[in-house]
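Below is the file data_2.pdb, which contains PDB, C-alpha atoms.
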```
ATOM      1  CA  MET C 713      35.981  41.052 -47.363
ATOM      2  CA  ALA C 714      33.912  43.241 -45.037
ATOM      3  CA  ALA C 715      33.724  42.302 -41.370
ATOM      4  CA  SER C 716      29.940  42.164 -41.679
ATOM      5  CA  ASP C 717      30.328  39.330 -44.189
ATOM      6  CA  LEU C 718      32.317  37.100 -41.845
ATOM      7  CA  ILE C 719      30.503  33.983 -40.680
ATOM      8  CA  SER C 720      31.293  31.633 -37.834
ATOM      9  CA  GLN C 721      32.475  28.130 -38.594
ATOM     10  CA  GLU C 722      30.834  27.067 -35.349
ATOM     11  CA  HIS C 723      27.432  28.288 -36.522
ATOM     12  CA  TYR C 724      27.767  27.256 -40.168
ATOM     13  CA  PRO C 725      29.875  24.068 -40.177
ATOM     14  CA  GLN C 726      28.186  22.703 -43.303
ATOM     15  CA  ALA C 727      29.049  25.838 -45.291
ATOM     16  CA  PHE C 728      32.748  25.497 -44.425
ATOM     17  CA  GLU C 729      32.674  21.783 -45.149
ATOM     18  CA  ASP C 730      31.082  22.480 -48.544
ATOM     19  CA  ALA C 731      33.585  25.265 -49.256
ATOM     20  CA  GLU C 732      36.502  22.936 -48.565
ATOM     21  CA  ALA C 733      34.992  20.252 -50.787
ATOM     22  CA  LEU C 734      34.468  22.780 -53.576
ATOM     23  CA  ARG C 735      38.034  24.048 -53.234
ATOM     24  CA  LYS C 736      39.340  20.538 -53.634
ATOM     25  CA  ALA C 737      37.123  19.875 -56.631
ATOM     26  CA  CYS C 738      37.704  23.228 -58.327
ATOM     27  CA  GLN C 739      41.483  23.014 -58.142
ATOM     28  CA  GLY C 740      41.229  20.617 -61.034
ATOM     29  CA  TRP C 741      37.831  21.041 -62.653
ATOM     30  CA  GLY C 742      37.423  17.559 -64.049
ATOM     31  CA  THR C 743      38.725  15.878 -60.903
ATOM     32  CA  ASP C 744      35.530  15.746 -58.864
ATOM     33  CA  GLU C 745      32.745  17.281 -60.916
ATOM     34  CA  LYS C 746      30.105  15.127 -59.249
ATOM     35  CA  ALA C 747      30.970  16.635 -55.854
ATOM     36  CA  ILE C 748      30.468  20.167 -57.214
ATOM     37  CA  ILE C 749      27.173  19.222 -58.807
ATOM     38  CA  SER C 750      26.013  17.360 -55.715
ATOM     39  CA  ILE C 751      26.797  20.303 -53.418
ATOM     40  CA  LEU C 752      25.584  23.242 -55.484
ATOM     41  CA  GLY C 753      22.605  21.507 -57.018
ATOM     42  CA  HIS C 754      21.164  20.661 -53.621
ATOM     43  CA  ARG C 755      21.673  23.907 -51.716
ATOM     44  CA  ASN C 756      19.192  26.785 -51.575
ATOM     45  CA  ALA C 757      20.073  30.448 -52.112
ATOM     46  CA  GLU C 758      20.821  31.172 -48.445
ATOM     47  CA  GLN C 759      23.011  28.063 -48.126
ATOM     48  CA  ARG C 760      24.898  28.988 -51.306
ATOM     49  CA  LYS C 761      25.514  32.464 -49.884
ATOM     50  CA  GLN C 762      26.997  30.897 -46.736
ATOM     51  CA  ILE C 763      29.203  28.634 -48.867
ATOM     52  CA  ARG C 764      30.424  31.607 -50.918
ATOM     53  CA  LEU C 765      31.253  33.608 -47.774
ATOM     54  CA  ALA C 766      32.965  30.617 -46.175
ATOM     55  CA  TYR C 767      35.016  30.067 -49.335
ATOM     56  CA  GLN C 768      36.134  33.705 -49.421
ATOM     57  CA  GLN C 769      36.941  33.556 -45.726
ATOM     58  CA  LEU C 770      39.020  30.412 -46.049
ATOM     59  CA  TYR C 771      40.865  31.144 -49.289
ATOM     60  CA  GLN C 772      40.668  34.957 -49.764
ATOM     61  CA  GLU C 773      39.281  34.596 -53.270
ATOM     62  CA  ASP C 774      35.910  34.462 -54.945
ATOM     63  CA  LEU C 775      34.554  31.093 -55.951
ATOM     64  CA  LYS C 776      34.793  31.029 -59.733
ATOM     65  CA  ALA C 777      33.386  27.658 -60.736
ATOM     66  CA  VAL C 778      29.669  27.772 -61.570
ATOM     67  CA  TYR C 779      29.493  31.051 -59.647
ATOM     68  CA  ARG C 780      26.351  32.134 -61.419
ATOM     69  CA  TRP C 781      24.534  29.508 -59.396
ATOM     70  CA  ILE C 782      26.236  30.190 -56.087
ATOM     71  CA  LEU C 783      25.655  33.961 -56.201
ATOM     72  CA  ASP C 784      22.700  35.563 -54.474
ATOM     73  CA  PRO C 785      19.841  35.994 -56.982
ATOM     74  CA  ALA C 786      20.270  39.784 -57.126
ATOM     75  CA  ASP C 787      24.035  39.543 -57.541
ATOM     76  CA  ARG C 788      23.599  36.860 -60.191
ATOM     77  CA  ASP C 789      21.207  39.099 -62.129
ATOM     78  CA  ALA C 790      23.703  41.939 -61.840
ATOM     79  CA  VAL C 791      26.380  39.724 -63.416
ATOM     80  CA  LEU C 792      23.986  38.602 -66.157
ATOM     81  CA  ALA C 793      23.066  42.226 -66.890
ATOM     82  CA  HIS C 794      26.704  43.289 -67.019
ATOM     83  CA  VAL C 795      27.629  40.485 -69.419
ATOM     84  CA  ALA C 796      24.645  41.419 -71.625
ATOM     85  CA  ILE C 797      25.613  45.116 -71.639
ATOM     86  CA  LYS C 798      29.266  44.482 -72.451
ATOM     87  CA  LYS C 799      28.581  42.406 -75.565
ATOM     88  CA  SER C 800      29.480  44.077 -78.869
ATOM     89  CA  ASP C 801      25.739  44.231 -79.535
ATOM     90  CA  VAL C 802      23.937  44.699 -76.224
ATOM     91  CA  ASP C 803      21.764  41.688 -75.446
ATOM     92  CA  SER C 804      18.610  43.666 -74.782
ATOM     93  CA  THR C 805      16.595  40.475 -74.168
ATOM     94  CA  VAL C 806      18.432  39.814 -70.896
ATOM     95  CA  ILE C 807      18.007  43.425 -69.729
ATOM     96  CA  ILE C 808      14.279  43.346 -70.555
ATOM     97  CA  GLU C 809      13.872  39.959 -68.874
ATOM     98  CA  ILE C 810      15.450  41.114 -65.613
ATOM     99  CA  SER C 811      13.618  44.455 -65.641
ATOM    100  CA  CYS C 812      10.161  43.128 -66.437
ATOM    101  CA  ILE C 813       9.949  39.692 -64.808
ATOM    102  CA  ARG C 814      11.558  40.476 -61.466
ATOM    103  CA  SER C 815       9.344  42.156 -58.886
ATOM    104  CA  PRO C 816       9.917  45.869 -58.159
ATOM    105  CA  ASP C 817      11.784  45.015 -54.948
ATOM    106  CA  GLU C 818      13.869  42.350 -56.697
ATOM    107  CA  LEU C 819      14.805  44.790 -59.463
ATOM    108  CA  LEU C 820      15.808  47.372 -56.867
ATOM    109  CA  GLU C 821      18.086  44.783 -55.238
ATOM    110  CA  VAL C 822      19.625  43.990 -58.645
ATOM    111  CA  ARG C 823      20.378  47.676 -59.165
ATOM    112  CA  LYS C 824      22.015  47.876 -55.723
ATOM    113  CA  ALA C 825      24.045  44.724 -56.387
ATOM    114  CA  TYR C 826      25.137  46.043 -59.786
ATOM    115  CA  GLN C 827      26.352  49.330 -58.348
ATOM    116  CA  ASN C 828      28.138  47.568 -55.504
ATOM    117  CA  ARG C 829      29.894  45.155 -57.863
ATOM    118  CA  TYR C 830      30.757  47.451 -60.794
ATOM    119  CA  LYS C 831      30.841  50.933 -59.209
ATOM    120  CA  HIS C 832      28.422  52.209 -61.852
ATOM    121  CA  SER C 833      24.669  52.284 -61.810
ATOM    122  CA  LEU C 834      22.838  49.819 -64.036
ATOM    123  CA  GLU C 835      20.963  52.711 -65.651
ATOM    124  CA  GLU C 836      24.254  54.505 -66.370
ATOM    125  CA  ASP C 837      25.795  51.494 -68.114
ATOM    126  CA  VAL C 838      22.661  50.701 -70.100
ATOM    127  CA  ALA C 839      22.549  54.305 -71.313
ATOM    128  CA  ALA C 840      26.255  54.317 -72.163
ATOM    129  CA  HIS C 841      26.054  51.199 -74.330
ATOM    130  CA  THR C 842      22.791  51.807 -76.174
ATOM    131  CA  LYS C 843      21.353  54.628 -78.243
ATOM    132  CA  GLY C 844      18.178  56.012 -79.721
ATOM    133  CA  ASP C 845      14.827  54.377 -79.124
ATOM    134  CA  LEU C 846      16.303  51.263 -77.525
ATOM    135  CA  ARG C 847      18.112  53.422 -74.966
ATOM    136  CA  LYS C 848      14.847  55.197 -74.035
ATOM    137  CA  LEU C 849      13.071  51.891 -73.543
ATOM    138  CA  LEU C 850      15.799  50.035 -71.638
ATOM    139  CA  VAL C 851      16.709  52.923 -69.323
ATOM    140  CA  GLY C 852      13.007  53.371 -68.563
ATOM    141  CA  LEU C 853      12.614  49.681 -67.769
ATOM    142  CA  VAL C 854      15.671  49.295 -65.516
ATOM    143  CA  SER C 855      14.787  52.524 -63.669
ATOM    144  CA  SER C 856      11.193  51.504 -63.033
ATOM    145  CA  TYR C 857       9.628  50.765 -59.658
ATOM    146  CA  ARG C 858       6.108  49.677 -60.542
ATOM    147  CA  TYR C 859       3.109  49.338 -58.262
ATOM    148  CA  ASP C 860       3.044  45.618 -57.491
ATOM    149  CA  GLY C 861      -0.547  45.161 -56.336
ATOM    150  CA  GLU C 862      -3.591  43.770 -58.084
ATOM    151  CA  GLU C 863      -5.701  46.929 -58.025
ATOM    152  CA  ILE C 864      -6.185  48.617 -61.367
ATOM    153  CA  ASP C 865      -7.482  52.024 -62.415
ATOM    154  CA  ASN C 866     -10.926  52.411 -63.886
ATOM    155  CA  ARG C 867     -12.048  50.910 -67.194
ATOM    156  CA  LYS C 868     -11.882  54.327 -68.841
ATOM    157  CA  LEU C 869      -8.113  54.470 -68.392
ATOM    158  CA  GLY C 870      -7.722  50.952 -69.773
ATOM    159  CA  HIS C 871      -9.675  51.985 -72.858
ATOM    160  CA  SER C 872      -7.803  55.266 -73.389
ATOM    161  CA  GLU C 873      -4.352  53.685 -73.075
ATOM    162  CA  ALA C 874      -5.323  50.726 -75.258
ATOM    163  CA  GLU C 875      -6.289  53.297 -77.882
ATOM    164  CA  ILE C 876      -3.008  55.187 -77.454
ATOM    165  CA  LEU C 877      -1.115  51.961 -78.122
ATOM    166  CA  HIS C 878      -3.326  51.022 -81.059
ATOM    167  CA  GLU C 879      -2.938  54.411 -82.750
ATOM    168  CA  ALA C 880       0.834  54.378 -82.259
ATOM    169  CA  ILE C 881       1.134  50.886 -83.730
ATOM    170  CA  LYS C 882      -1.204  51.738 -86.637
ATOM    171  CA  GLU C 883       0.937  54.778 -87.440
ATOM    172  CA  LYS C 884       4.105  52.723 -86.900
ATOM    173  CA  ALA C 885       5.102  55.229 -84.212
ATOM    174  CA  PHE C 886       6.580  52.458 -82.082
ATOM    175  CA  ASN C 887       9.009  54.875 -80.448
ATOM    176  CA  SER C 888       6.233  57.170 -79.191
ATOM    177  CA  ASP C 889       6.937  58.606 -75.756
ATOM    178  CA  GLU C 890       3.446  57.498 -74.732
ATOM    179  CA  VAL C 891       4.138  53.884 -75.682
ATOM    180  CA  ILE C 892       7.340  53.913 -73.640
ATOM    181  CA  ARG C 893       5.597  55.666 -70.736
ATOM    182  CA  ILE C 894       2.858  53.035 -70.549
ATOM    183  CA  LEU C 895       5.232  50.059 -70.811
ATOM    184  CA  THR C 896       7.768  51.394 -68.299
ATOM    185  CA  THR C 897       5.466  52.776 -65.584
ATOM    186  CA  ARG C 898       2.154  50.912 -65.452
ATOM    187  CA  SER C 899       1.748  47.992 -63.062
ATOM    188  CA  LYS C 900       1.582  44.489 -64.480
ATOM    189  CA  ALA C 901      -2.066  44.203 -63.433
ATOM    190  CA  GLN C 902      -2.890  47.472 -65.183
ATOM    191  CA  LEU C 903      -0.994  46.434 -68.309
ATOM    192  CA  ASN C 904      -2.882  43.150 -68.459
ATOM    193  CA  ALA C 905      -6.141  45.113 -68.290
ATOM    194  CA  ILE C 906      -4.950  47.440 -71.064
ATOM    195  CA  PHE C 907      -3.831  44.576 -73.305
ATOM    196  CA  ASN C 908      -7.077  42.660 -72.711
ATOM    197  CA  ARG C 909      -9.041  45.769 -73.680
ATOM    198  CA  TYR C 910      -6.841  46.092 -76.774
ATOM    199  CA  ARG C 911      -7.718  42.536 -77.802
ATOM    200  CA  GLU C 912     -11.443  43.062 -77.115
ATOM    201  CA  GLU C 913     -11.635  46.205 -79.216
ATOM    202  CA  HIS C 914      -9.362  45.226 -82.083
ATOM    203  CA  ALA C 915      -9.817  41.431 -82.288
ATOM    204  CA  THR C 916      -6.092  40.784 -82.147
ATOM    205  CA  SER C 917      -3.310  40.827 -79.580
ATOM    206  CA  ILE C 918      -0.906  43.687 -79.148
ATOM    207  CA  THR C 919       2.015  41.252 -79.444
ATOM    208  CA  LYS C 920       0.896  40.252 -82.940
ATOM    209  CA  ASN C 921       0.396  43.865 -84.014
ATOM    210  CA  LEU C 922       3.773  44.928 -82.647
ATOM    211  CA  LEU C 923       5.552  42.563 -85.031
ATOM    212  CA  GLY C 924       3.382  43.620 -88.004
ATOM    213  CA  ASP C 925       3.216  42.042 -91.430
ATOM    214  CA  SER C 926       6.686  43.025 -92.619
ATOM    215  CA  PRO C 927       9.878  41.842 -90.885
ATOM    216  CA  PRO C 928      10.108  43.722 -87.547
ATOM    217  CA  ASN C 929      13.093  45.871 -86.689
ATOM    218  CA  ASP C 930      15.126  45.409 -83.507
ATOM    219  CA  PHE C 931      13.110  47.984 -81.590
ATOM    220  CA  GLN C 932       9.807  46.283 -82.458
ATOM    221  CA  LYS C 933      11.300  42.999 -81.261
ATOM    222  CA  ALA C 934      12.350  44.681 -78.005
ATOM    223  CA  LEU C 935       8.810  46.013 -77.465
ATOM    224  CA  HIS C 936       7.399  42.565 -78.219
ATOM    225  CA  THR C 937       9.747  40.941 -75.678
ATOM    226  CA  THR C 938       8.805  43.600 -73.115
ATOM    227  CA  VAL C 939       5.093  42.850 -73.431
ATOM    228  CA  ARG C 940       5.646  39.081 -73.252
ATOM    229  CA  CYS C 941       7.846  39.352 -70.153
ATOM    230  CA  LEU C 942       5.385  41.653 -68.401
ATOM    231  CA  THR C 943       2.268  39.616 -69.129
ATOM    232  CA  ASP C 944       3.186  35.928 -69.471
ATOM    233  CA  PRO C 945       6.696  35.145 -68.208
ATOM    234  CA  HIS C 946       6.112  31.381 -68.029
ATOM    235  CA  LYS C 947       5.190  31.231 -71.701
ATOM    236  CA  TYR C 948       8.130  33.510 -72.482
ATOM    237  CA  PHE C 949      10.604  31.255 -70.646
ATOM    238  CA  ALA C 950       9.210  28.108 -72.297
ATOM    239  CA  LYS C 951       9.811  29.735 -75.701
ATOM    240  CA  ILE C 952      13.340  30.813 -74.714
ATOM    241  CA  LEU C 953      14.089  27.219 -73.699
ATOM    242  CA  ARG C 954      12.604  25.799 -76.895
ATOM    243  CA  ASP C 955      14.721  28.132 -79.021
ATOM    244  CA  GLY C 956      17.774  27.614 -76.821
ATOM    245  CA  VAL C 957      17.884  23.819 -76.918
ATOM    246  CA  LYS C 958      18.070  24.001 -80.709
ATOM    247  CA  LYS C 959      21.379  25.803 -80.308
ATOM    248  CA  LEU C 960      22.870  23.809 -77.437
ATOM    249  CA  GLY C 961      26.547  23.187 -78.043
ATOM    250  CA  THR C 962      26.981  26.607 -79.672
ATOM    251  CA  ASP C 963      24.923  28.956 -77.500
ATOM    252  CA  GLU C 964      24.132  27.582 -74.060
ATOM    253  CA  ASP C 965      23.628  30.919 -72.304
ATOM    254  CA  SER C 966      19.857  31.176 -72.627
ATOM    255  CA  VAL C 967      19.147  27.620 -71.427
ATOM    256  CA  THR C 968      21.543  28.010 -68.511
ATOM    257  CA  ARG C 969      20.088  31.406 -67.607
ATOM    258  CA  VAL C 970      16.494  30.200 -67.483
ATOM    259  CA  ILE C 971      17.188  26.994 -65.563
ATOM    260  CA  VAL C 972      19.548  28.622 -63.052
ATOM    261  CA  THR C 973      17.474  31.760 -62.379
ATOM    262  CA  ARG C 974      14.100  29.981 -62.152
ATOM    263  CA  ALA C 975      15.221  26.813 -60.317
ATOM    264  CA  GLU C 976      13.957  28.043 -56.948
ATOM    265  CA  LYS C 977      11.030  30.027 -58.283
ATOM    266  CA  ASP C 978       8.757  28.633 -60.986
ATOM    267  CA  LEU C 979      10.824  26.139 -62.972
ATOM    268  CA  LYS C 980       8.253  23.409 -62.338
ATOM    269  CA  VAL C 981       5.526  25.503 -63.990
ATOM    270  CA  ILE C 982       7.839  26.353 -66.899
ATOM    271  CA  LYS C 983       8.696  22.668 -67.357
ATOM    272  CA  GLU C 984       4.999  21.757 -67.452
ATOM    273  CA  LEU C 985       4.278  24.444 -70.039
ATOM    274  CA  TYR C 986       7.299  23.359 -72.082
ATOM    275  CA  TYR C 987       5.950  19.804 -72.159
ATOM    276  CA  LYS C 988       2.476  21.007 -73.110
ATOM    277  CA  LYS C 989       3.865  23.052 -76.007
ATOM    278  CA  ASN C 990       6.477  20.564 -77.252
ATOM    279  CA  SER C 991       5.195  17.101 -76.214
ATOM    280  CA  VAL C 992       8.575  16.168 -74.789
ATOM    281  CA  PRO C 993       9.937  16.662 -71.243
ATOM    282  CA  LEU C 994      12.544  19.392 -70.901
ATOM    283  CA  GLU C 995      14.781  16.997 -68.936
ATOM    284  CA  GLU C 996      14.793  14.593 -71.884
ATOM    285  CA  VAL C 997      15.824  17.299 -74.335
ATOM    286  CA  VAL C 998      18.552  18.629 -72.034
ATOM    287  CA  ALA C 999      19.872  15.088 -71.453
ATOM    288  CA  LYS C1000      19.976  14.461 -75.208
ATOM    289  CA  GLU C1001      21.516  17.769 -76.247
ATOM    290  CA  THR C1002      24.128  18.248 -73.501
ATOM    291  CA  SER C1003      26.944  16.218 -72.041
ATOM    292  CA  GLY C1004      29.392  15.944 -69.168
ATOM    293  CA  ASP C1005      29.389  18.322 -66.207
ATOM    294  CA  TYR C1006      27.053  20.807 -67.872
ATOM    295  CA  LYS C1007      24.487  18.074 -68.428
ATOM    296  CA  ARG C1008      24.715  16.767 -64.865
ATOM    297  CA  PHE C1009      24.413  20.233 -63.362
ATOM    298  CA  LEU C1010      21.362  21.245 -65.408
ATOM    299  CA  LEU C1011      19.617  17.930 -64.780
ATOM    300  CA  THR C1012      20.224  18.310 -61.055
ATOM    301  CA  LEU C1013      18.576  21.737 -61.078
ATOM    302  CA  LEU C1014      15.718  20.298 -63.134
ATOM    303  CA  GLY C1015      15.157  17.797 -60.333
ATOM    304  CA  LYS C1016      16.450  14.743 -62.170
ATOM    305  CA  GLU C1017      19.249  12.870 -60.474
ATOM    306  CA  TYR C1018      22.067  11.832 -62.778
TER     307      TYR C1018
END
```
Would you put the structure from the file into structure tokens?
Amino acid sequence: MAASDLISQEHYPQAFEDAEALRKACQGWGTDEKAIISILGHRNAEQRKQIRLAYQQLYQEDLKAVYRWILDPADRDAVLAHVAIKKSDVDSTVIIEISCIRSPDELLEVRKAYQNRYKHSLEEDVAAHTKGDLRKLLVGLVSSYRYDGEEIDNRKLGHSEAEILHEAIKEKAFNSDEVIRILTTRSKAQLNAIFNRYREEHATSITKNLLGDSPPNDFQKALHTTVRCLTDPHKYFAKILRDGVKKLGTDEDSVTRVIVTRAEKDLKVIKELYYKKNSVPLEEVVAKETSGDYKRFLLTLLGKEY
């Protein structure tokens, strides 16, 4: 543990108190789950960082239990990315989600955290575990540092790039370098202008055209996910949750990922959209489809005391 990471018990007594309580609870996960949930579910990112540092300082080991919640957001995303990359089939959805929904500065912090934790760059590992068109897209996305403002280029550019995308899709040239260039470099504001122009001129959305009439291949699905994450992340997350709760008990990763990573950002908006689309509160579905510690932890993050 670096000297710069040391914190004073005098200045952060609550962090040390929480760390000791977590140590006691984690020594027999199942002994005091409610204490873990109560502590971690009610601490913000900075407080969780202090707890993690205090725990390392006291016990010379990393806090393992529910560490995806206690990690700094950038470090947590680095862990999520690494897990996605190391799967037998790379989970490109997670890589796209992190690359396209996080702000340019947040993505840069994720890349720094990844390199610090794994001693490889994120781009290097993505490239090493993918190939072909998917590699071009994912490496471009994780390497991107987009303009983050609201200003957009003139209408002429929006028209020309909408036409580039339309021609590529019409010719089924989904892997066109121009398609990848536009999706990996243009700002979100500019992309929204391009996609709106696409809809105006062709009476359909680019997301619908990307999937086509026949079953889409994996690369088409990746492009579709990219556009959705760049243009309407709240709707994207609501859909991920809807699909995820159907598989709770067998595949909990997506539900956990969305709730944990958005808890201090826009989870309230996502919950509202979920209710609007599904006519049932997300908390109710999670309570019905989960159990035990997992249920209590998720409901705490959702703002429902259990």
Counting only C-alpha atoms, which residues in range 886-906 of chain C sit no more than 12 Å from range 860-864 of chain C? For each one, give the nearest pair of atoms and the distance in Å, sorted by chain then residue number, as a Markdown table.
```
| residue | atom | partner | partner_atom | distance |
| --- | --- | --- | --- | --- |
| C:Thr897 | CA | C:Asp860 | CA | 11.1 |
| C:Arg898 | CA | C:Ile864 | CA | 9.6 |
| C:Ser899 | CA | C:Asp860 | CA | 6.2 |
| C:Lys900 | CA | C:Asp860 | CA | 7.2 |
| C:Ala901 | CA | C:Glu862 | CA | 5.6 |
| C:Gln902 | CA | C:Ile864 | CA | 5.2 |
| C:Leu903 | CA | C:Ile864 | CA | 8.9 |
| C:Asn904 | CA | C:Ile864 | CA | 9.5 |
| C:Ala905 | CA | C:Ile864 | CA | 7.8 |
| C:Ile906 | CA | C:Ile864 | CA | 9.8 |
```
List every protein, DNA or RNA residue that has at least one atom no more than 9 Å from (19.8, 51.8, -66.0) in the file's coordinates, counting only C-alpha atoms, and write the result as a ChimeraX atom specification.
/C:823,833-839,850-855
How would you write, as a PyMOL selection string, the residues chosen by the PyMOL selection byres ((chain C and resi 871-883) around 7) on this structure?
chain C and resi 867-870+884-886+888+891+906-907+909-910+922
Find the residues near range 948-953 of chain C: any atom within 12 Å, counting all atoms listed in the file, skip ones fewer than 3 places away on the same chain, and give them as a PDB file with C-alpha atoms, keeping the file's coordinate frame.
```
ATOM      1  CA  THR C 805      16.595  40.475 -74.168  1.00  0.00           C
ATOM      2  CA  VAL C 806      18.432  39.814 -70.896  1.00  0.00           C
ATOM      3  CA  ILE C 808      14.279  43.346 -70.555  1.00  0.00           C
ATOM      4  CA  GLU C 809      13.872  39.959 -68.874  1.00  0.00           C
ATOM      5  CA  CYS C 812      10.161  43.128 -66.437  1.00  0.00           C
ATOM      6  CA  ILE C 813       9.949  39.692 -64.808  1.00  0.00           C
ATOM      7  CA  HIS C 936       7.399  42.565 -78.219  1.00  0.00           C
ATOM      8  CA  THR C 937       9.747  40.941 -75.678  1.00  0.00           C
ATOM      9  CA  THR C 938       8.805  43.600 -73.115  1.00  0.00           C
ATOM     10  CA  VAL C 939       5.093  42.850 -73.431  1.00  0.00           C
ATOM     11  CA  ARG C 940       5.646  39.081 -73.252  1.00  0.00           C
ATOM     12  CA  CYS C 941       7.846  39.352 -70.153  1.00  0.00           C
ATOM     13  CA  LEU C 942       5.385  41.653 -68.401  1.00  0.00           C
ATOM     14  CA  THR C 943       2.268  39.616 -69.129  1.00  0.00           C
ATOM     15  CA  ASP C 944       3.186  35.928 -69.471  1.00  0.00           C
ATOM     16  CA  PRO C 945       6.696  35.145 -68.208  1.00  0.00           C
ATOM     17  CA  GLY C 956      17.774  27.614 -76.821  1.00  0.00           C
ATOM     18  CA  VAL C 957      17.884  23.819 -76.918  1.00  0.00           C
ATOM     19  CA  LYS C 958      18.070  24.001 -80.709  1.00  0.00           C
ATOM     20  CA  LYS C 959      21.379  25.803 -80.308  1.00  0.00           C
ATOM     21  CA  LEU C 960      22.870  23.809 -77.437  1.00  0.00           C
ATOM     22  CA  ASP C 963      24.923  28.956 -77.500  1.00  0.00           C
ATOM     23  CA  GLU C 964      24.132  27.582 -74.060  1.00  0.00           C
ATOM     24  CA  ASP C 965      23.628  30.919 -72.304  1.00  0.00           C
ATOM     25  CA  SER C 966      19.857  31.176 -72.627  1.00  0.00           C
ATOM     26  CA  VAL C 967      19.147  27.620 -71.427  1.00  0.00           C
ATOM     27  CA  THR C 968      21.543  28.010 -68.511  1.00  0.00           C
ATOM     28  CA  ARG C 969      20.088  31.406 -67.607  1.00  0.00           C
ATOM     29  CA  VAL C 970      16.494  30.200 -67.483  1.00  0.00           C
ATOM     30  CA  ILE C 971      17.188  26.994 -65.563  1.00  0.00           C
ATOM     31  CA  THR C 973      17.474  31.760 -62.379  1.00  0.00           C
ATOM     32  CA  ARG C 974      14.100  29.981 -62.152  1.00  0.00           C
ATOM     33  CA  ASP C 978       8.757  28.633 -60.986  1.00  0.00           C
ATOM     34  CA  LEU C 979      10.824  26.139 -62.972  1.00  0.00           C
ATOM     35  CA  LYS C 980       8.253  23.409 -62.338  1.00  0.00           C
ATOM     36  CA  VAL C 981       5.526  25.503 -63.990  1.00  0.00           C
ATOM     37  CA  ILE C 982       7.839  26.353 -66.899  1.00  0.00           C
ATOM     38  CA  LYS C 983       8.696  22.668 -67.357  1.00  0.00           C
ATOM     39  CA  GLU C 984       4.999  21.757 -67.452  1.00  0.00           C
ATOM     40  CA  LEU C 985       4.278  24.444 -70.039  1.00  0.00           C
ATOM     41  CA  TYR C 986       7.299  23.359 -72.082  1.00  0.00           C
ATOM     42  CA  TYR C 987       5.950  19.804 -72.159  1.00  0.00           C
ATOM     43  CA  LYS C 988       2.476  21.007 -73.110  1.00  0.00           C
ATOM     44  CA  LYS C 989       3.865  23.052 -76.007  1.00  0.00           C
ATOM     45  CA  ASN C 990       6.477  20.564 -77.252  1.00  0.00           C
ATOM     46  CA  PRO C 993       9.937  16.662 -71.243  1.00  0.00           C
ATOM     47  CA  LEU C 994      12.544  19.392 -70.901  1.00  0.00           C
ATOM     48  CA  GLU C 995      14.781  16.997 -68.936  1.00  0.00           C
ATOM     49  CA  VAL C 997      15.824  17.299 -74.335  1.00  0.00           C
ATOM     50  CA  VAL C 998      18.552  18.629 -72.034  1.00  0.00           C
TER      51      VAL C 998
END
```
Just how far from CA of Leu752 in chain C is CA of Glu1001 in chain C, in Å to one decimal?
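According to the coordinates, CA of Glu1001 in chain C and CA of Leu752 in chain C are separated by 21.9 Å.
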Go through the shown structure with the PyMOL selection byres ((chain C and resi 715-728) around 8) and write out the matching residues as an mmCIF file with C-alpha atoms, in the coordinates of the input.
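Okay, out_5.cif is ready:
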```
data_model
loop_
_atom_site.group_PDB
_atom_site.id
_atom_site.type_symbol
_atom_site.label_atom_id
_atom_site.label_comp_id
_atom_site.auth_asym_id
_atom_site.auth_seq_id
_atom_site.Cartn_x
_atom_site.Cartn_y
_atom_site.Cartn_z
ATOM 1 C CA MET C 713 35.981 41.052 -47.363
ATOM 2 C CA ALA C 714 33.912 43.241 -45.037
ATOM 3 C CA GLU C 729 32.674 21.783 -45.149
ATOM 4 C CA ASP C 730 31.082 22.480 -48.544
ATOM 5 C CA ALA C 731 33.585 25.265 -49.256
ATOM 6 C CA GLU C 732 36.502 22.936 -48.565
ATOM 7 C CA GLN C 759 23.011 28.063 -48.126
ATOM 8 C CA ARG C 760 24.898 28.988 -51.306
ATOM 9 C CA GLN C 762 26.997 30.897 -46.736
ATOM 10 C CA ILE C 763 29.203 28.634 -48.867
ATOM 11 C CA LEU C 765 31.253 33.608 -47.774
ATOM 12 C CA ALA C 766 32.965 30.617 -46.175
ATOM 13 C CA TYR C 767 35.016 30.067 -49.335
ATOM 14 C CA GLN C 769 36.941 33.556 -45.726
#
```
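The result of the PyMOL selection byres ((chain C and resi 803) around 12) on the shown file is Leu792, Ala793, His794, Val795, Ala796, Ile797, Lys798, Lys799, Ser800, Asp801, Val802, Ser804, Thr805, Val806, Ile807, Ile808, Glu809, Ile810, Val838, His841, Thr842, Leu846, Leu850, Asp930, Ala934, Asp965 and Ser966 of chain C.
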Please indicate the distance in Å from CA of Gln827 in chain C to CA of Asp889 in chain C, rounded to one decimal place.
27.7 Å
